[in-house]
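Below: one structure, written as structure tokens.
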Amino acid sequence: MVNPSESAVEVAKIQTHSINFFYGSKQALFDVTLAIPERQVTAFIGPSGCGKSTFLRTINRMNDLIPNRVITGKVLVDGVDVYDPRVDVVELRKRVGMVFQKSNPFPRSIFDNVAYGPRLAGMKSRKELDAVVELSLRRSALWEEVKDRLRDSALALSGGQQQRMCIARTLATNPEVILMDEPASALDPASTARIEDLIFELKRNYTIVIVTHNMQQAARVSDLSAFFFQGKLIEMGPTAGMFTKPKQKQTEDYITGRFG
């Protein structure tokens with residue numbers, strides 16, 4: 001594996017050590033070790049079924065919901081192993097938010113969607129909720145489009161708006177890390193461009209990890225890229241260097257479209 005620069009590793013927000021993951025008897029990840037720096041965008045790339053989404057979900061323990069799964073190794077966020085039995089998984093998922101491939105608005109109003117997390121955490125003041133909802137929608141570049149219809153159903157939004165609202169819902173819990181599993185794969189080009197612009201803005205304040213099949217998207221939005229193949233991390237490094245001069249033949253073959 002090729003690591004990011006030493007300076008990037010020194011301020012790593014997330015580090016993993018020898019992660020192996022099994023769905024029952026089937027092994028999906030093999031000895032994955034990497035470091036993800038804070039306030040940058042790291043892209044996981046690779047063909048379908050290579051383990052990148054499975055690995056992404058190890059970071060906030062979303063794989064805990066899968067029966068018969070087994071994981072070994074360590075996932076550290078700010079130096080703390082998230083699989084330590086003393087870790088509060090609910091608190092972990094507040095700190096490490098997630099945006100899924102398909103937007104998943106609740107069948108509620110736009111306001112209630114964004115306020116869901118803060119309310120769950122005990123926030124009851126209407127003034128505080130109003131402030132959190134507005135700030136989150138502003139940060140997700142959606143406020144100007146929905147400020148006059150916050151009581152309308154979130155299901156009435158367009159696909160791109162729904163995805164930005166789901167990002168706002170994630171931001172409302174004040175996370176430090178945002179995991180994105182192909183957040184634009186179901187969107188039209190204009191909506192995809194809005195999401196990519198948003199990612200660029202969000203990295204000023206958040207550590208972002210994105211899974212994408214789209215090589216052009218990875219090149220546009222990420223600072224670092226990690227190439228996965230058959231459950232193994234083949235190469236990781238600055239995106240610009242990896243896309244122009246990859247160190248591994250498998251990486252070069254994938255980026256140039258010889259397989260995928």
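As shown in the structure tokens, the chain order sets the letters A, B, ...; within each chain, residues go from 1, and ligands are also counted from 1 in the order they appear.
For Pro175 of chain A, the residues within 8 Å (counting only C-alpha atoms, excluding itself and residues fewer than 6 positions away along the chain) are Lys94, Arg95, Val96, Gly97 and Tyr206 of chain A.
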Kindly export the residues of the current selection with N, CA and C atoms, as a tab-separated table (two decimals), in the first residue's frame.
```
chain	number	residue	atom	x	y	z
A	94	LYS	N	-23.44	9.92	15.38
A	94	LYS	CA	-23.62	11.37	15.34
A	94	LYS	C	-22.34	12.03	14.85
A	95	ARG	N	-21.21	11.54	15.34
A	95	ARG	CA	-19.91	12.11	14.95
A	95	ARG	C	-19.52	11.72	13.53
A	96	VAL	N	-19.92	10.53	13.13
A	96	VAL	CA	-19.57	10.00	11.81
A	96	VAL	C	-20.88	9.76	11.06
A	97	GLY	N	-21.36	10.81	10.39
A	97	GLY	CA	-22.64	10.74	9.69
A	97	GLY	C	-22.51	10.03	8.36
A	206	TYR	N	-15.43	19.63	7.46
A	206	TYR	CA	-15.68	18.22	7.75
A	206	TYR	C	-14.66	17.33	7.03
```
